[in-house]
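This is coords-v2.pdb (PDB, C-alpha atoms).
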ATOM      1  CA  MET L   1       0.000   0.000   0.000  1.00  0.00           C
ATOM      2  CA  ASN L   2       1.316   3.469  -0.768  1.00  0.00           C
ATOM      3  CA  TRP L   3       0.395   6.999   0.259  1.00  0.00           C
ATOM      4  CA  ASP L   4      -1.938   7.433  -2.684  1.00  0.00           C
ATOM      5  CA  ASP L   5      -4.047   4.363  -1.825  1.00  0.00           C
ATOM      6  CA  ASP L   6      -5.521   5.454   1.492  1.00  0.00           C
ATOM      7  CA  PHE L   7      -3.881   8.234   3.465  1.00  0.00           C
ATOM      8  CA  LEU L   8      -5.652   7.421   6.742  1.00  0.00           C
ATOM      9  CA  CYS L   9      -4.785   3.738   6.561  1.00  0.00           C
ATOM     10  CA  VAL L  10      -1.135   4.372   5.722  1.00  0.00           C
ATOM     11  CA  THR L  11      -0.687   7.055   8.388  1.00  0.00           C
ATOM     12  CA  GLY L  12      -2.362   4.809  10.949  1.00  0.00           C
ATOM     13  CA  ASP L  13       0.170   2.090  10.168  1.00  0.00           C
ATOM     14  CA  HIS L  14       3.038   4.553  10.470  1.00  0.00           C
ATOM     15  CA  PHE L  15       1.777   5.907  13.797  1.00  0.00           C
ATOM     16  CA  SER L  16       1.613   2.339  15.115  1.00  0.00           C
ATOM     17  CA  GLU L  17       5.176   1.673  13.965  1.00  0.00           C
ATOM     18  CA  MET L  18       6.408   4.912  15.542  1.00  0.00           C
ATOM     19  CA  ARG L  19       4.675   3.998  18.794  1.00  0.00           C
ATOM     20  CA  LEU L  20       6.330   0.569  18.861  1.00  0.00           C
ATOM     21  CA  LEU L  21       9.727   2.077  18.102  1.00  0.00           C
ATOM     22  CA  VAL L  22       9.509   4.685  20.843  1.00  0.00           C
ATOM     23  CA  GLU L  23       8.136   2.181  23.355  1.00  0.00           C
ATOM     24  CA  GLY L  24      11.090  -0.106  22.590  1.00  0.00           C
ATOM     25  CA  ALA L  25      13.523   2.785  22.943  1.00  0.00           C
ATOM     26  CA  ILE L  26      12.017   3.716  26.302  1.00  0.00           C
ATOM     27  CA  ILE L  27      12.339   0.142  27.547  1.00  0.00           C
ATOM     28  CA  MET L  28      15.975   0.058  26.452  1.00  0.00           C
ATOM     29  CA  PHE L  29      16.583   3.421  28.115  1.00  0.00           C
ATOM     30  CA  GLU L  30      14.960   2.354  31.388  1.00  0.00           C
ATOM     31  CA  GLU L  31      16.412  -1.145  31.565  1.00  0.00           C
ATOM     32  CA  ASP L  32      19.752  -1.018  29.763  1.00  0.00           C
ATOM     33  CA  ALA L  33      20.952   2.576  29.589  1.00  0.00           C
ATOM     34  CA  PHE L  34      19.816   3.616  33.066  1.00  0.00           C
ATOM     35  CA  VAL L  35      23.036   2.213  34.520  1.00  0.00           C
ATOM     36  CA  LEU L  36      24.873   4.898  32.558  1.00  0.00           C
ATOM     37  CA  CYS L  37      23.177   7.496  34.744  1.00  0.00           C
ATOM     38  CA  SER L  38      24.577   5.846  37.844  1.00  0.00           C
ATOM     39  CA  LEU L  39      28.039   5.629  36.305  1.00  0.00           C
ATOM     40  CA  ALA L  40      27.937   9.278  35.268  1.00  0.00           C
ATOM     41  CA  ARG L  41      26.719  10.352  38.709  1.00  0.00           C
ATOM     42  CA  ASP L  42      29.415   8.297  40.483  1.00  0.00           C
ATOM     43  CA  ALA L  43      32.105   9.715  38.192  1.00  0.00           C
ATOM     44  CA  GLU L  44      30.750  13.227  38.715  1.00  0.00           C
ATOM     45  CA  LYS L  45      30.168  13.597  34.974  1.00  0.00           C
ATOM     46  CA  HIS L  46      27.355  16.095  35.381  1.00  0.00           C
ATOM     47  CA  GLU L  47      27.044  16.952  31.691  1.00  0.00           C
ATOM     48  CA  ALA L  48      26.747  13.268  30.773  1.00  0.00           C
ATOM     49  CA  LEU L  49      24.124  12.779  33.478  1.00  0.00           C
ATOM     50  CA  SER L  50      22.228  15.793  32.177  1.00  0.00           C
ATOM     51  CA  ALA L  51      22.443  14.419  28.624  1.00  0.00           C
ATOM     52  CA  MET L  52      20.990  11.071  29.716  1.00  0.00           C
ATOM     53  CA  ASN L  53      18.173  12.900  31.483  1.00  0.00           C
ATOM     54  CA  ASP L  54      17.506  14.930  28.334  1.00  0.00           C
ATOM     55  CA  ILE L  55      17.437  11.781  26.201  1.00  0.00           C
ATOM     56  CA  GLY L  56      14.890  10.202  28.551  1.00  0.00           C
ATOM     57  CA  THR L  57      12.778  13.351  28.522  1.00  0.00           C
ATOM     58  CA  ALA L  58      12.869  13.427  24.717  1.00  0.00           C
ATOM     59  CA  LEU L  59      11.746   9.798  24.506  1.00  0.00           C
ATOM     60  CA  TYR L  60       8.828  10.341  26.881  1.00  0.00           C
ATOM     61  CA  GLU L  61       7.779  13.518  25.053  1.00  0.00           C
ATOM     62  CA  PHE L  62       8.006  11.775  21.686  1.00  0.00           C
ATOM     63  CA  ARG L  63       5.764   9.007  23.012  1.00  0.00           C
ATOM     64  CA  ARG L  64       3.272  11.624  24.236  1.00  0.00           C
ATOM     65  CA  HIS L  65       3.223  13.276  20.795  1.00  0.00           C
ATOM     66  CA  VAL L  66       2.732   9.953  19.013  1.00  0.00           C
ATOM     67  CA  LYS L  67      -0.157   9.091  21.343  1.00  0.00           C
ATOM     68  CA  GLN L  68      -1.768  12.456  20.583  1.00  0.00           C
ATOM     69  CA  LEU L  69      -1.353  11.888  16.848  1.00  0.00           C
ATOM     70  CA  GLN L  70      -2.846   8.412  17.146  1.00  0.00           C
ATOM     71  CA  GLU L  71      -5.858   9.770  19.011  1.00  0.00           C
ATOM     72  CA  ALA L  72      -6.385  12.592  16.500  1.00  0.00           C
ATOM     73  CA  HIS L  73      -6.031  10.057  13.693  1.00  0.00           C
ATOM     74  CA  ARG L  74      -8.594   7.750  15.301  1.00  0.00           C
ATOM     75  CA  LYS L  75     -11.074  10.608  15.682  1.00  0.00           C
ATOM     76  CA  GLU L  76     -10.608  11.687  12.070  1.00  0.00           C
ATOM     77  CA  ALA L  77     -11.057   8.128  10.804  1.00  0.00           C
ATOM     78  CA  LEU L  78     -14.299   7.846  12.805  1.00  0.00           C
ATOM     79  CA  ARG L  79     -15.472  11.232  11.516  1.00  0.00           C
ATOM     80  CA  GLN L  80     -14.834  10.243   7.907  1.00  0.00           C
ATOM     81  CA  HIS L  81     -16.538   6.895   8.450  1.00  0.00           C
ATOM     82  CA  ASP L  82     -19.590   8.620   9.942  1.00  0.00           C
ATOM     83  CA  ASP L  83     -19.673  11.100   7.024  1.00  0.00           C
ATOM     84  CA  LYS L  84     -19.815   8.180   4.567  1.00  0.00           C
ATOM     85  CA  ALA L  85     -22.646   6.480   6.450  1.00  0.00           C
TER
END
Structure encoded using structure tokens:
Amino acid sequence: MNWDDDFLCVTGDHFSEMRLLVEGAIIMFEEDAFVLCSLARDAEKHEALSAMNDIGTALYEFRRHVKQLQEAHRKEALRQHDDKA
């Protein structure tokens, strides 16, 4: 399927993929990269610790944006479906 076939269907698929990617990145950040925060703190690498915090914040914000897009997409798909009925 390409963009010309059905914009709502294609964008819905892409939003789902983006959501899975960011959720996976958050899990990796929380479970695997979190130890880097402890190492940076123990080594008094304040800029590195700040960078890790910023990366986490960016991931959580990206997830929030994707969720908002998914919800807006869902509402638009329902609106278009209702208009056709």
TODO: Give as a PyMOL selection string the residues that the PyMOL selection byres ((chain L and resi 12) around 12) matches when applied to the coordinates above.
DONE: chain L and resi 3+6-11+13-19+66-67+69-77
Task: Exercise: Phe34 (chain L) partners within 10 Å, all atoms listed in the file, chain neighbours under 6 positions left out, as a count of residues only - done: 5
TODO: To one decimal in Å, tell me the separation between CA of Leu21 (chain L) and CA of Arg79 (chain L).
DONE: 27.6 Å
TODO: Quick one: everything within 12 Å of Leu49 (chain L), counting only C-alpha atoms, minus sequence neighbours fewer than 2 positions away in the same chain. Send it as a ChimeraX atom specification.
DONE: /L:33-47,51-56
- [ ] Would you work out the distance separating CA of Ala58 (chain L) from CA of Leu20 (chain L), expressed in Å to one decimal?
- [x] 15.6 Å
- [ ] Would you work out the distance separating CA of Arg64 (chain L) from CA of Ser50 (chain L), expressed in Å to one decimal?
- [x] 21.0 Å
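In this comparison, which uses all atoms listed in the file, the residue of L:His81, L:Leu59, L:Ala48, L:His65 approaching Glu30 (chain L) most closely is L:Leu59.
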Please complete region 6-29 of chain L so it has N, CA and C atoms, and hand it over as an mmCIF file, in the coordinates of the input.
data_model
loop_
_atom_site.group_PDB
_atom_site.id
_atom_site.type_symbol
_atom_site.label_atom_id
_atom_site.label_comp_id
_atom_site.auth_asym_id
_atom_site.auth_seq_id
_atom_site.Cartn_x
_atom_site.Cartn_y
_atom_site.Cartn_z
ATOM 1 N N ASP L 6 -4.619 5.054 0.410
ATOM 2 C CA ASP L 6 -5.521 5.454 1.492
ATOM 3 C C ASP L 6 -4.699 6.128 2.572
ATOM 4 N N PHE L 7 -4.718 7.455 2.556
ATOM 5 C CA PHE L 7 -3.881 8.234 3.465
ATOM 6 C C PHE L 7 -4.118 7.857 4.919
ATOM 7 N N LEU L 8 -5.369 7.737 5.338
ATOM 8 C CA LEU L 8 -5.652 7.421 6.742
ATOM 9 C C LEU L 8 -5.116 6.048 7.131
ATOM 10 N N CYS L 9 -5.263 5.088 6.256
ATOM 11 C CA CYS L 9 -4.785 3.738 6.561
ATOM 12 C C CYS L 9 -3.257 3.723 6.671
ATOM 13 N N VAL L 10 -2.599 4.361 5.729
ATOM 14 C CA VAL L 10 -1.135 4.372 5.722
ATOM 15 C C VAL L 10 -0.599 5.135 6.928
ATOM 16 N N THR L 11 -1.179 6.299 7.228
ATOM 17 C CA THR L 11 -0.687 7.055 8.388
ATOM 18 C C THR L 11 -0.962 6.300 9.686
ATOM 19 N N GLY L 12 -2.085 5.617 9.764
ATOM 20 C CA GLY L 12 -2.362 4.809 10.949
ATOM 21 C C GLY L 12 -1.303 3.744 11.155
ATOM 22 N N ASP L 13 -0.900 3.098 10.071
ATOM 23 C CA ASP L 13 0.170 2.090 10.168
ATOM 24 C C ASP L 13 1.477 2.722 10.629
ATOM 25 N N HIS L 14 1.788 3.885 10.092
ATOM 26 C CA HIS L 14 3.038 4.553 10.470
ATOM 27 C C HIS L 14 3.011 5.018 11.923
ATOM 28 N N PHE L 15 1.876 5.513 12.387
ATOM 29 C CA PHE L 15 1.777 5.907 13.797
ATOM 30 C C PHE L 15 1.982 4.700 14.702
ATOM 31 N N SER L 16 1.428 3.561 14.323
ATOM 32 C CA SER L 16 1.613 2.339 15.115
ATOM 33 C C SER L 16 3.080 1.936 15.154
ATOM 34 N N GLU L 17 3.752 2.007 14.010
ATOM 35 C CA GLU L 17 5.176 1.673 13.965
ATOM 36 C C GLU L 17 5.998 2.639 14.819
ATOM 37 N N MET L 18 5.683 3.933 14.731
ATOM 38 C CA MET L 18 6.408 4.912 15.542
ATOM 39 C C MET L 18 6.190 4.643 17.018
ATOM 40 N N ARG L 19 4.978 4.281 17.386
ATOM 41 C CA ARG L 19 4.675 3.998 18.794
ATOM 42 C C ARG L 19 5.478 2.797 19.284
ATOM 43 N N LEU L 20 5.543 1.743 18.472
ATOM 44 C CA LEU L 20 6.330 0.569 18.861
ATOM 45 C C LEU L 20 7.810 0.898 18.973
ATOM 46 N N LEU L 21 8.313 1.697 18.055
ATOM 47 C CA LEU L 21 9.727 2.077 18.102
ATOM 48 C C LEU L 21 10.048 2.879 19.355
ATOM 49 N N VAL L 22 9.217 3.861 19.673
ATOM 50 C CA VAL L 22 9.509 4.685 20.843
ATOM 51 C C VAL L 22 9.313 3.889 22.126
ATOM 52 N N GLU L 23 8.322 3.011 22.162
ATOM 53 C CA GLU L 23 8.136 2.181 23.355
ATOM 54 C C GLU L 23 9.352 1.287 23.561
ATOM 55 N N GLY L 24 9.882 0.717 22.493
ATOM 56 C CA GLY L 24 11.090 -0.106 22.590
ATOM 57 C C GLY L 24 12.288 0.706 23.053
ATOM 58 N N ALA L 25 12.410 1.920 22.538
ATOM 59 C CA ALA L 25 13.523 2.785 22.943
ATOM 60 C C ALA L 25 13.414 3.152 24.418
ATOM 61 N N ILE L 26 12.205 3.389 24.881
ATOM 62 C CA ILE L 26 12.017 3.716 26.302
ATOM 63 C C ILE L 26 12.383 2.526 27.177
ATOM 64 N N ILE L 27 11.983 1.340 26.775
ATOM 65 C CA ILE L 27 12.339 0.142 27.547
ATOM 66 C C ILE L 27 13.854 -0.019 27.610
ATOM 67 N N MET L 28 14.515 0.159 26.466
ATOM 68 C CA MET L 28 15.975 0.058 26.452
ATOM 69 C C MET L 28 16.600 1.128 27.350
ATOM 70 N N PHE L 29 16.058 2.339 27.288
ATOM 71 C CA PHE L 29 16.583 3.421 28.115
ATOM 72 C C PHE L 29 16.421 3.086 29.594
#
